[in-house]
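Source file: start_7.cif; contents: mmCIF, C-alpha atoms.
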data_upload
loop_
_atom_site.label_atom_id
_atom_site.label_comp_id
_atom_site.auth_asym_id
_atom_site.auth_seq_id
_atom_site.Cartn_x
_atom_site.Cartn_y
_atom_site.Cartn_z
CA MET A 7 -7.64 18.76 7.85
CA GLN A 8 -4.26 17.20 7.09
CA ILE A 9 -4.88 13.49 6.52
CA THR A 10 -2.27 10.76 6.07
CA ILE A 11 -3.35 7.54 4.36
CA ILE A 12 -1.22 4.40 4.73
CA ALA A 13 -1.86 1.74 2.10
CA GLY A 14 -0.13 -1.46 1.07
CA GLY A 15 -0.47 -4.33 -1.36
CA SER A 16 -1.15 -4.58 -5.08
CA ARG A 17 -2.70 -1.92 -7.26
CA GLY A 18 -6.19 -3.21 -6.51
CA ASP A 19 -5.48 -2.78 -2.80
CA VAL A 20 -4.00 0.71 -3.11
CA GLN A 21 -6.16 2.30 -5.81
CA PRO A 22 -9.32 2.70 -3.66
CA TYR A 23 -7.28 4.73 -1.15
CA VAL A 24 -6.03 6.93 -3.98
CA ALA A 25 -9.69 7.46 -4.94
CA LEU A 26 -10.61 8.33 -1.36
CA GLY A 27 -7.60 10.63 -1.14
CA ALA A 28 -8.60 12.39 -4.34
CA GLY A 29 -12.10 12.89 -2.94
CA LEU A 30 -10.72 14.30 0.29
CA LYS A 31 -8.48 16.65 -1.68
CA GLU A 32 -11.48 17.85 -3.69
CA ALA A 33 -13.23 18.47 -0.36
CA ARG A 34 -10.32 20.81 0.50
CA HIS A 35 -8.38 18.52 2.80
CA ALA A 36 -4.61 18.06 2.47
CA VAL A 37 -3.76 14.42 1.74
CA ARG A 38 -0.51 12.48 1.97
CA LEU A 39 -0.30 8.85 0.89
CA LEU A 40 2.34 6.47 2.22
CA THR A 41 2.79 3.30 0.15
CA SER A 42 5.33 1.34 -1.90
CA ASP A 43 7.36 2.66 -4.81
CA ASP A 44 5.11 0.89 -7.34
CA PHE A 45 2.44 3.59 -7.09
CA HIS A 46 4.35 6.86 -7.30
CA GLY A 47 2.92 7.73 -10.73
CA LEU A 48 -0.63 6.67 -9.84
CA ILE A 49 -0.68 8.90 -6.76
CA THR A 50 0.95 11.97 -8.25
CA ASP A 51 -1.35 11.79 -11.30
CA TYR A 52 -4.16 12.80 -8.93
CA GLY A 53 -2.25 15.61 -7.26
CA LEU A 54 -1.68 13.76 -3.99
CA ASP A 55 1.56 13.85 -2.03
CA PHE A 56 3.43 10.54 -2.39
CA PHE A 57 5.72 9.14 0.29
CA SER A 58 7.48 5.79 -0.07
CA THR A 59 7.61 2.93 2.42
CA GLY A 60 10.47 1.58 0.35
CA GLY A 61 10.53 -1.60 -1.67
CA SER A 62 8.15 -2.99 -4.25
CA ALA A 63 4.87 -4.79 -3.69
CA GLU A 64 5.33 -6.29 -7.16
CA ALA A 65 8.61 -7.91 -6.13
CA VAL A 66 7.00 -9.39 -3.00
CA ALA A 67 4.10 -10.71 -5.08
CA ARG A 68 6.49 -12.44 -7.48
CA GLU A 69 8.46 -13.92 -4.61
CA MET A 70 5.35 -15.51 -3.12
CA GLN A 71 3.84 -16.70 -6.41
CA GLY A 72 4.50 -20.39 -5.81
CA LEU A 73 2.81 -20.38 -2.41
CA ALA A 74 -0.14 -18.41 -3.77
CA GLU A 75 -0.77 -20.82 -6.63
CA GLN A 76 -0.72 -23.75 -4.19
CA GLY A 77 -3.19 -22.01 -1.87
CA HIS A 78 -1.02 -22.26 1.26
CA MET A 79 -2.45 -19.32 3.18
CA LEU A 80 -0.46 -19.95 6.35
CA LYS A 81 2.80 -20.14 4.41
CA VAL A 82 1.88 -17.00 2.49
CA LEU A 83 1.24 -15.13 5.74
CA ARG A 84 4.51 -16.42 7.21
CA ARG A 85 6.47 -15.28 4.17
CA MET A 86 4.68 -11.94 4.20
CA GLY A 87 5.72 -11.53 7.82
CA GLN A 88 9.34 -12.18 6.94
CA ALA A 89 9.27 -9.77 4.02
CA SER A 90 7.54 -7.12 6.12
CA ARG A 91 10.21 -6.67 8.78
CA GLN A 92 12.49 -4.33 6.88
CA GLN A 93 9.52 -2.58 5.31
CA ALA A 94 7.94 -2.05 8.74
CA ILE A 95 11.04 -0.24 9.96
CA GLN A 96 11.15 1.90 6.83
CA ALA A 97 7.43 2.64 7.08
CA ALA A 98 7.86 3.75 10.71
CA ARG A 99 10.75 6.05 9.80
CA GLN A 100 8.89 7.58 6.90
CA GLY A 101 5.66 7.64 8.85
CA LEU A 102 7.16 9.89 11.52
CA LEU A 103 7.93 12.44 8.81
CA VAL A 104 4.75 12.00 6.82
CA CYS A 105 2.38 12.14 9.79
CA GLU A 106 3.97 15.27 11.27
CA GLY A 107 1.23 17.89 11.52
CA SER A 108 -1.51 15.46 10.53
CA ASP A 109 -4.94 15.62 12.13
CA LEU A 110 -5.88 12.07 11.20
CA ILE A 111 -4.21 8.80 10.12
CA LEU A 112 -6.24 6.39 8.00
CA GLY A 113 -5.22 2.90 6.94
CA GLY A 114 -6.52 -0.43 5.74
CA LEU A 115 -5.16 -3.91 6.38
CA GLY A 116 -1.88 -2.94 4.70
CA GLY A 117 -1.47 0.07 7.00
CA LEU A 118 -3.20 -1.13 10.14
CA TYR A 119 -0.28 -1.94 12.43
CA SER A 120 2.02 0.90 11.36
CA GLY A 121 -0.92 3.32 11.52
CA LEU A 122 -1.78 2.28 15.06
CA ALA A 123 1.83 2.53 16.21
CA LEU A 124 2.25 5.99 14.69
CA SER A 125 -1.05 7.07 16.22
CA GLU A 126 0.18 5.94 19.62
CA LYS A 127 3.54 7.66 19.20
CA LEU A 128 2.23 10.98 17.88
CA GLY A 129 -1.13 11.19 19.63
CA ILE A 130 -3.00 11.46 16.30
CA PRO A 131 -6.36 9.69 15.87
CA PHE A 132 -6.33 6.58 13.69
CA ILE A 133 -9.32 5.10 11.90
CA PRO A 134 -9.35 1.76 10.09
CA ALA A 135 -10.59 1.84 6.51
CA TYR A 136 -10.95 -1.65 5.11
CA LEU A 137 -11.82 -3.01 1.67
CA VAL A 138 -13.01 -6.40 2.99
CA PRO A 139 -15.15 -7.33 6.02
CA PHE A 140 -12.83 -7.59 9.03
CA THR A 141 -14.99 -6.93 12.11
CA PRO A 142 -16.11 -10.26 13.60
CA THR A 143 -19.67 -11.28 12.77
CA SER A 144 -21.89 -14.35 12.88
CA ALA A 145 -23.36 -13.51 9.48
CA PHE A 146 -20.59 -15.08 7.38
CA PRO A 147 -17.09 -16.55 7.79
CA ALA A 148 -13.92 -14.48 7.57
CA THR A 149 -12.77 -13.50 4.11
CA LEU A 150 -9.47 -15.36 4.56
CA THR A 151 -11.02 -18.53 6.00
CA PRO A 152 -12.49 -20.87 3.37
CA LEU A 153 -15.32 -22.26 5.47
CA PRO A 154 -18.45 -23.61 3.76
CA GLN A 155 -21.54 -21.54 4.49
CA THR A 156 -23.99 -24.11 5.82
CA ALA A 157 -26.31 -24.34 8.80
CA ALA A 158 -24.02 -26.95 10.34
CA THR A 159 -20.94 -24.70 10.21
CA SER A 160 -22.51 -21.27 10.85
CA TRP A 161 -21.44 -21.40 14.51
CA LEU A 162 -17.85 -21.15 13.28
CA ASN A 163 -18.41 -17.84 11.50
CA ARG A 164 -17.53 -15.49 14.35
CA PRO A 165 -14.56 -17.57 15.60
CA SER A 166 -13.19 -17.63 12.05
CA HIS A 167 -12.85 -13.83 12.12
CA HIS A 168 -10.90 -13.93 15.38
CA LEU A 169 -8.73 -16.71 13.93
CA THR A 170 -8.00 -14.64 10.84
CA GLN A 171 -7.09 -11.61 12.95
CA GLN A 172 -4.64 -13.72 14.94
CA MET A 173 -3.16 -15.34 11.82
CA MET A 174 -2.43 -11.89 10.43
CA TRP A 175 -1.19 -10.42 13.71
CA GLN A 176 1.14 -13.27 14.61
CA SER A 177 2.62 -13.14 11.09
CA PHE A 178 3.37 -9.41 11.43
CA ARG A 179 3.97 -9.24 15.18
CA THR A 180 7.77 -9.45 15.01
CA ALA A 181 7.95 -6.74 12.34
CA ASP A 182 5.66 -4.51 14.40
CA ARG A 183 7.74 -5.04 17.54
CA MET A 184 10.97 -4.20 15.68
CA ALA A 185 9.50 -0.99 14.27
CA ARG A 186 8.14 0.04 17.67
CA GLU A 187 11.38 -0.66 19.54
CA GLN A 188 13.98 0.46 16.98
CA VAL A 189 12.25 3.50 15.47
CA LEU A 190 9.31 4.66 17.56
CA HIS A 191 10.70 3.74 21.00
CA LEU A 192 7.38 2.30 22.07
CA PRO A 193 6.61 -0.83 24.08
CA ALA A 194 5.56 -3.89 22.14
CA ALA A 195 1.88 -4.20 21.29
CA PRO A 196 -0.20 -6.69 23.31
CA CYS A 197 0.47 -10.36 22.66
CA TRP A 198 -2.94 -10.86 21.07
CA GLY A 199 -2.78 -7.74 18.96
CA PRO A 200 -4.54 -4.38 18.87
CA PHE A 201 -8.04 -5.58 18.07
CA ALA A 202 -9.52 -5.37 21.56
CA THR A 203 -8.17 -1.81 21.86
CA LEU A 204 -9.74 -0.83 18.55
CA GLU A 205 -13.06 -2.30 19.62
CA ARG A 206 -13.06 -0.43 22.94
CA ARG A 207 -12.39 2.94 21.28
CA LYS A 208 -15.61 2.76 19.21
CA ARG A 209 -14.13 5.08 16.62
CA PRO A 210 -15.57 4.83 13.12
CA THR A 211 -14.46 1.95 10.95
CA LEU A 212 -14.94 2.53 7.22
CA TYR A 213 -15.66 -0.25 4.76
CA GLY A 214 -15.10 0.67 1.12
CA TYR A 215 -17.43 -1.82 -0.51
CA SER A 216 -21.12 -1.94 -1.35
CA GLN A 217 -23.93 -3.23 0.85
CA GLN A 218 -25.46 -4.48 -2.40
CA VAL A 219 -22.61 -7.00 -2.54
CA VAL A 220 -22.06 -7.78 1.17
CA PRO A 221 -24.97 -6.57 3.33
CA ARG A 222 -23.99 -4.94 6.60
CA PRO A 223 -24.25 -7.58 9.38
CA GLU A 224 -26.94 -6.90 11.98
CA ASP A 225 -24.55 -7.76 14.82
CA TRP A 226 -22.14 -4.90 13.99
CA ASP A 227 -22.44 -1.80 16.15
CA THR A 228 -23.00 1.74 14.91
CA SER A 229 -19.28 2.49 14.58
CA GLN A 230 -19.00 0.17 11.54
CA HIS A 231 -19.85 2.00 8.29
CA VAL A 232 -20.27 0.29 4.90
CA THR A 233 -19.93 3.30 2.63
CA GLY A 234 -19.99 1.90 -0.89
CA TYR A 235 -17.03 1.38 -3.20
CA TRP A 236 -14.26 3.97 -3.59
CA PHE A 237 -13.94 4.11 -7.36
CA LEU A 238 -11.11 5.95 -9.10
CA GLU A 239 -12.03 7.72 -12.32
CA PRO A 240 -9.36 8.14 -15.05
CA PRO A 241 -7.09 11.14 -14.45
CA ALA A 242 -7.77 14.40 -16.24
CA GLY A 243 -6.68 14.26 -19.86
CA TRP A 244 -6.49 10.47 -20.02
CA GLU A 245 -7.32 8.91 -23.38
CA PRO A 246 -7.49 5.21 -24.28
CA PRO A 247 -4.69 3.73 -26.41
CA THR A 248 -5.52 4.12 -30.10
CA GLU A 249 -4.86 0.46 -30.90
CA LEU A 250 -7.22 -0.69 -28.15
CA LEU A 251 -9.90 1.75 -29.23
CA ASN A 252 -9.63 0.59 -32.83
CA PHE A 253 -9.90 -3.04 -31.73
CA LEU A 254 -13.04 -2.38 -29.68
CA GLN A 255 -14.70 -0.55 -32.55
CA ALA A 256 -13.89 -3.31 -35.06
CA GLY A 257 -16.37 -5.87 -33.71
CA PRO A 258 -18.78 -6.96 -30.97
CA PRO A 259 -17.91 -6.52 -27.29
CA PRO A 260 -15.00 -8.82 -26.37
CA VAL A 261 -14.25 -10.77 -23.20
CA TYR A 262 -11.70 -9.30 -20.79
CA VAL A 263 -9.19 -11.71 -19.24
CA GLY A 264 -6.65 -10.54 -16.67
CA PHE A 265 -5.32 -11.69 -13.34
CA GLY A 266 -4.10 -8.35 -12.04
CA SER A 267 -1.01 -8.52 -9.85
CA MET A 268 -1.13 -12.29 -9.52
CA SER A 269 2.13 -13.84 -10.65
CA SER A 270 2.25 -17.12 -12.49
CA ARG A 271 5.13 -19.51 -12.90
CA ARG A 272 3.63 -20.54 -16.24
CA PRO A 273 2.34 -17.40 -17.99
CA GLU A 274 2.48 -19.02 -21.42
CA GLU A 275 0.26 -21.84 -20.17
CA SER A 276 -2.29 -19.31 -18.93
CA ALA A 277 -2.23 -17.56 -22.30
CA ASP A 278 -2.70 -20.86 -24.13
CA ILE A 279 -5.74 -21.74 -22.00
CA VAL A 280 -7.32 -18.36 -22.63
CA LEU A 281 -6.66 -18.44 -26.36
CA GLN A 282 -8.12 -21.93 -26.70
CA VAL A 283 -11.24 -20.89 -24.78
CA LEU A 284 -11.75 -17.82 -26.97
CA GLU A 285 -11.30 -19.97 -30.08
CA ARG A 286 -13.83 -22.55 -28.87
CA THR A 287 -16.44 -19.93 -27.99
CA GLY A 288 -15.81 -17.79 -31.08
CA ARG A 289 -15.29 -14.70 -28.96
CA ARG A 290 -12.97 -11.75 -29.24
CA GLY A 291 -10.76 -11.08 -26.24
CA VAL A 292 -8.81 -8.37 -24.47
CA LEU A 293 -5.93 -9.78 -22.45
CA TYR A 294 -4.19 -7.86 -19.69
CA ALA A 295 -0.57 -8.84 -19.10
CA GLY A 296 -0.37 -7.47 -15.55
CA TRP A 297 2.31 -8.41 -13.05
CA GLY A 298 1.58 -12.07 -13.79
CA GLY A 299 3.34 -11.75 -17.14
CA LEU A 300 0.49 -13.20 -19.18
CA SER A 301 2.02 -13.06 -22.63
CA LYS A 302 1.88 -14.45 -26.15
CA GLU A 303 4.24 -13.46 -28.93
CA GLN A 304 1.83 -14.18 -31.76
CA LEU A 305 -1.80 -13.31 -31.04
CA PRO A 306 -4.66 -14.00 -33.44
CA SER A 307 -6.48 -11.01 -34.90
CA HIS A 308 -9.48 -11.51 -32.61
CA VAL A 309 -7.34 -11.02 -29.45
CA HIS A 310 -5.74 -7.79 -28.26
CA MET A 311 -3.23 -7.49 -25.40
CA THR A 312 -3.17 -4.28 -23.38
CA ASP A 313 -1.27 -2.76 -20.50
CA SER A 314 -3.02 -1.08 -17.59
CA VAL A 315 -6.28 0.65 -18.61
CA PRO A 316 -8.84 2.08 -16.15
CA HIS A 317 -11.40 -0.63 -15.49
CA SER A 318 -14.15 1.95 -15.11
CA TRP A 319 -13.68 2.79 -18.80
CA LEU A 320 -12.86 -0.67 -20.14
CA PHE A 321 -15.25 -3.06 -18.40
CA PRO A 322 -18.55 -1.48 -19.56
CA ARG A 323 -17.31 -2.17 -23.11
CA MET A 324 -16.89 -5.91 -22.42
CA ALA A 325 -19.33 -8.81 -22.76
CA ALA A 326 -17.93 -10.47 -19.62
CA VAL A 327 -14.80 -10.30 -17.46
CA VAL A 328 -12.52 -13.12 -16.31
CA HIS A 329 -10.32 -12.12 -13.39
CA HIS A 330 -8.63 -13.20 -10.16
CA GLY A 331 -11.23 -11.85 -7.74
CA GLY A 332 -9.18 -9.05 -6.24
CA VAL A 333 -11.40 -6.58 -4.44
CA GLY A 334 -10.76 -3.72 -6.87
CA THR A 335 -11.26 -5.76 -10.04
CA THR A 336 -14.34 -7.46 -8.60
CA ALA A 337 -15.84 -4.07 -7.74
CA ALA A 338 -15.21 -2.74 -11.24
CA GLY A 339 -16.71 -5.83 -12.86
CA LEU A 340 -19.85 -5.67 -10.72
CA ALA A 341 -20.29 -1.94 -11.30
CA ALA A 342 -20.01 -2.48 -15.06
CA GLY A 343 -23.14 -4.61 -14.95
CA ILE A 344 -21.73 -7.64 -16.77
CA PRO A 345 -21.11 -11.23 -15.60
CA SER A 346 -17.80 -11.99 -13.87
CA ILE A 347 -15.90 -15.28 -13.98
CA VAL A 348 -13.61 -15.37 -10.95
CA VAL A 349 -10.42 -17.46 -10.95
CA PRO A 350 -9.16 -16.93 -7.39
CA PHE A 351 -5.55 -17.51 -6.37
CA PHE A 352 -5.56 -16.93 -2.59
CA ALA A 353 -6.36 -14.50 0.28
CA ASP A 354 -9.77 -12.79 -0.01
CA GLN A 355 -10.23 -13.74 -3.68
CA PRO A 356 -12.20 -16.97 -3.02
CA PHE A 357 -14.55 -14.94 -0.80
CA TRP A 358 -15.33 -12.48 -3.61
CA GLY A 359 -15.65 -15.33 -6.08
CA ARG A 360 -18.27 -16.97 -3.87
CA ARG A 361 -20.14 -13.70 -3.48
CA VAL A 362 -20.27 -13.18 -7.24
CA HIS A 363 -21.74 -16.66 -7.65
CA GLN A 364 -24.16 -16.33 -4.71
CA LEU A 365 -25.48 -13.06 -6.14
CA GLY A 366 -26.21 -14.84 -9.41
CA VAL A 367 -24.00 -12.51 -11.45
CA GLY A 368 -21.33 -15.03 -12.39
CA PRO A 369 -20.64 -18.77 -12.61
CA ARG A 370 -19.13 -20.77 -9.79
CA PRO A 371 -15.51 -19.64 -9.26
CA ILE A 372 -12.66 -21.75 -10.63
CA ALA A 373 -9.60 -22.06 -8.37
CA ARG A 374 -6.47 -21.09 -10.31
CA ARG A 375 -4.80 -24.44 -9.73
CA ARG A 376 -7.82 -26.17 -11.31
CA LEU A 377 -8.17 -23.86 -14.30
CA SER A 378 -8.49 -25.73 -17.60
CA VAL A 379 -9.73 -25.14 -21.11
CA ASP A 380 -12.84 -27.21 -20.43
CA ASN A 381 -14.01 -25.61 -17.19
CA LEU A 382 -13.26 -22.06 -18.34
CA THR A 383 -15.12 -22.71 -21.60
CA ARG A 384 -18.18 -23.92 -19.69
CA ALA A 385 -18.09 -20.91 -17.37
CA LEU A 386 -17.70 -18.43 -20.22
CA GLU A 387 -20.52 -19.99 -22.22
CA GLN A 388 -22.77 -19.76 -19.17
CA ALA A 389 -21.83 -16.12 -18.55
CA LEU A 390 -22.55 -15.20 -22.17
CA SER A 391 -25.76 -17.18 -22.68
CA ASP A 392 -27.56 -17.17 -19.30
CA GLN A 393 -30.04 -14.34 -19.71
CA THR A 394 -31.09 -14.37 -16.06
CA MET A 395 -27.47 -14.01 -14.98
CA ARG A 396 -26.92 -11.14 -17.40
CA GLU A 397 -30.07 -9.35 -16.19
CA LYS A 398 -29.04 -9.75 -12.54
CA ALA A 399 -25.57 -8.42 -13.35
CA ALA A 400 -27.04 -5.38 -15.11
CA GLU A 401 -29.41 -4.66 -12.22
CA LEU A 402 -26.69 -5.00 -9.60
CA GLY A 403 -24.37 -2.76 -11.59
CA GLU A 404 -27.05 -0.08 -11.79
CA ARG A 405 -27.62 -0.17 -8.01
CA ILE A 406 -23.88 0.04 -7.30
CA ARG A 407 -23.46 3.00 -9.65
CA THR A 408 -26.08 4.98 -7.73
CA GLU A 409 -23.93 4.85 -4.57
CA ASP A 410 -21.30 7.44 -3.77
CA GLY A 411 -18.99 5.63 -1.39
CA ILE A 412 -16.36 8.37 -1.39
CA ALA A 413 -18.83 11.10 -0.42
CA HIS A 414 -20.29 8.86 2.28
CA ALA A 415 -16.83 8.15 3.74
CA ILE A 416 -15.84 11.83 3.67
CA SER A 417 -19.06 12.77 5.45
CA ILE A 418 -18.28 10.34 8.26
CA ILE A 419 -14.68 11.58 8.56
CA GLU A 420 -15.72 15.23 8.67
CA THR A 421 -18.53 14.63 11.14
CA GLN A 422 -16.27 12.77 13.54
CA PHE A 423 -12.97 14.60 13.20
CA ALA A 424 -13.28 18.01 11.51
CA PRO A 425 -12.59 20.89 13.94
#
Let me see the file written as structure tokens.
Amino acid sequence: MQITIIAGGSRGDVQPYVALGAGLKEARHAVRLLTSDDFHGLITDYGLDFFSTGGSAEAVAREMQGLAEQGHMLKVLRRMGQASRQQAIQAARQGLLVCEGSDLILGGLGGLYSGLALSEKLGIPFIPAYLVPFTPTSAFPATLTPLPQTAATSWLNRPSHHLTQQMMWQSFRTADRMAREQVLHLPAAPCWGPFATLERRKRPTLYGYSQQVVPRPEDWDTSQHVTGYWFLEPPAGWEPPTELLNFLQAGPPPVYVGFGSMSSRRPEESADIVLQVLERTGRRGVLYAGWGGLSKEQLPSHVHMTDSVPHSWLFPRMAAVVHHGGVGTTAAGLAAGIPSIVVPFFADQPFWGRRVHQLGVGPRPIARRRLSVDNLTRALEQALSDQTMREKAAELGERIRTEDGIAHAISIIETQFAP
């Protein structure tokens, strides 16, 4: 089959779709991936066909950094809607070219609306492929709605999912209408969005995370498939940087600290907090600069700063990981079988931070705006010394590593859509 994947967001949002695309290619399907310019090298490294939606997800992330740090989800969604209008038009134009001859269009939250519009225009089946729970359920609240999980509030769980869907749709609705009218010459989507239509179709919905982390809700129907994570192995011929390898071999396992694509208005402050915590705990550290610009001109000998390194290689060599709770980084930390300390900024990150804590494989998450030397020191000491936590993390990692989410997803796609 010819399959087009539409993905958007940061590297942690896009990388699982690259992994799925690489698996589909290995299974002898032709794969095209439509995303932002940031990921051209990542996609072509795996032999997949790259097509650009135009623009940079990194630039958008930096633009919204202030809102993210303050936790204003509604303002973030509003700003994302504004930034998405031009990109939606470009994605529709490119999508018409990319999807030509395709047998199937696949997209997550970042490609949901453009994927549905292109499917409608071209008559090509579309299947959602999410990295976070998105189908309404009574089992837990929506990933973007910070509701407490108590008996008194459980009745709000299902409505919170519908609320989240509407928050997202209304933020992107204008951009979707512009792309439909100006490029695809389609009528506007329904006022309340495409979700009822998706539910009526009963086509497969793929979820690229592990049931070991978020069990499949009993009130989902058989069209919802939790496949397991879509992990991306290092590309052929990849070797770790010599300086990093030498640092790892020179002492005991260090602590990884990195906040992925999350921007910070005060990167030096973040670096100072981390360095003080490592000094207090007497631990070595590996710091990832990332899009957030975490930096320090003069680092002590027990701290090494690195650029992007495959988490699947790096994290098993760590004693613990401190990160922002993005879905991709969280998955890699859990699979490595070591405790995770989550410092969420916004969006679905608090949800994953809570799950890590509820599973007993990491301390209680620390909101980025409340991060301090004292609370991060306490969390790191707990992660390093709590033997029960470390055993649970190791056991969970082993269970996750036995899953093959990519093979499971491909099997579903081929069963439902292969000629």
**Request:** List the neighbours of A:Asp392 out to 12 Å using all atoms listed in the file; skip same-chain residues closer than 3 positions along the sequence, and give me the result as number ranges by chain.
**Result:** A: 326, 344-345, 366-369, 384-389, 395-399
**Request:** Check which residues satisfy the PyMOL selection byres ((chain A and resi 292) around 8) in the file shown, then give them as a VMD selection string.
**Result:** chain A and resid 260 to 263 290 to 291 293 to 294 309 to 312
**Request:** Check what the PyMOL selection byres ((chain A and resi 180) around 10) selects in the file above and give those residues as a PyMOL selection string.
**Result:** chain A and resi 87-88+90-91+94+175-179+181-186+194
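Our summary of the geometry notes that atom CA of A:Gly116 is positioned 14.0 Å from atom CA of A:Pro139.
What separates atom CA of A:Arg38 from atom CA of A:Ala242 is a distance of 19.7 Å.
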Kindly assemble as JSON lines a list of the stretch 163-240 of chain A residues that lie within 12 Å of stretch 28-36 of chain A, each paired with its nearest atom pair and their distance in Å to one decimal, using all atoms listed in the file, sorted first by chain and then by ascending residue number.
{"residue": "A:Trp236", "atom": "CA", "partner": "A:Gly29", "partner_atom": "CA", "distance": 9.2}
{"residue": "A:Phe237", "atom": "CA", "partner": "A:Gly29", "partner_atom": "CA", "distance": 10.0}
{"residue": "A:Leu238", "atom": "CA", "partner": "A:Ala28", "partner_atom": "CA", "distance": 8.4}
{"residue": "A:Glu239", "atom": "CA", "partner": "A:Ala28", "partner_atom": "CA", "distance": 9.9}
{"residue": "A:Pro240", "atom": "CA", "partner": "A:Ala28", "partner_atom": "CA", "distance": 11.5}
**Message:** Once the PyMOL selection byres ((chain A and resi 318) around 10) has been evaluated on this model, what residues remain selected, and can you format them as a list in words?
**Reply:** Phe237, Leu238, Glu239, Pro240, Val315, Pro316, His317, Trp319, Leu320, Phe321, Pro322, Arg323, Thr335, Ala337, Ala338, Gly339, Ala341 and Ala342 of chain A
**Message:** Counting only C-alpha atoms, which residue out of A:Leu192, A:Val20, A:Ala123, A:Leu377 sits closest to A:Val348?
**Reply:** A:Leu377
**Request:** Quick one: residues within 8 Å of (-24.0, -11.5, 6.7) (file frame), counting only C-alpha atoms, please, as a ChimeraX atom specification.
**Result:** /A:143-146,220-224
**Asked** Taking into account only C-alpha atoms, which residue in the set A:Leu137, A:Leu365, A:Ile419, A:Met174 is nearest to A:Ile111?
**Response** A:Ile419
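In this structure, atom CA of A:Ser160 sits 23.1 Å away from atom CA of A:Tyr215.
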**Message:** Set the distance at 7 Å and use all atoms listed in the file: which residues neighbour A:Ile12 once local chain neighbours fewer than 4 positions away are removed? I'd like the list as a ChimeraX atom specification.
**Reply:** /A:39-41,112-113,117,121
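Nearest-residue note for A:His308: choosing from A:Ala295, A:Ala256, A:Val349, A:Leu169, the minimum distance belongs to A:Ala256, counting all atoms listed in the file.
Near (-11.3, 4.5, 7.8), the residues inside the 6 Å limit, counting all atoms listed in the file, come to Leu112, Ile133, Pro134, Ala135, Thr211 and Leu212 of chain A.
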**Best match for closeness to A:His46 among A:Ile406, A:Ile347, A:Ala148, A:Val24, counting only C-alpha atoms** = A:Val24
At a cut-off of 9 Å, can you tabulate as CSV every residue of stretch 333-411 of chain A near stretch 216-219 of chain A together with its closest atom pair and the distance in Å to one decimal, using only C-alpha atoms and ordering rows by chain then number?
residue,atom,partner,partner_atom,distance
A:Ala337,CA,A:Ser216,CA,8.6
A:Leu340,CA,A:Val219,CA,8.7
A:Arg361,CA,A:Val219,CA,7.2
A:Val362,CA,A:Val219,CA,8.1
A:Leu365,CA,A:Val219,CA,7.6
A:Leu402,CA,A:Gln218,CA,7.3
A:Arg405,CA,A:Gln218,CA,7.4
A:Ile406,CA,A:Gln218,CA,6.9
A:Glu409,CA,A:Ser216,CA,8.0
A:Gly411,CA,A:Ser216,CA,7.9
**Asked** With distances taken over only C-alpha atoms, which of A:Pro147, A:Phe56, A:Pro306, A:Leu102 is nearest to A:Arg164?
**Response** A:Pro147
**Message:** Quick one: residues within 9 Å of A:Ala415, only C-alpha atoms, excluding same-chain residues fewer than 5 positions away - as an MDAnalysis selection string?
**Reply:** chainID A and resid 26 212:214 231:234 236 410 420
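Considering the residues A:Ala202, A:Glu401, A:Asp380, A:Phe423 and counting only C-alpha atoms, A:Arg286 has its shortest atom-to-atom contact with A:Asp380.
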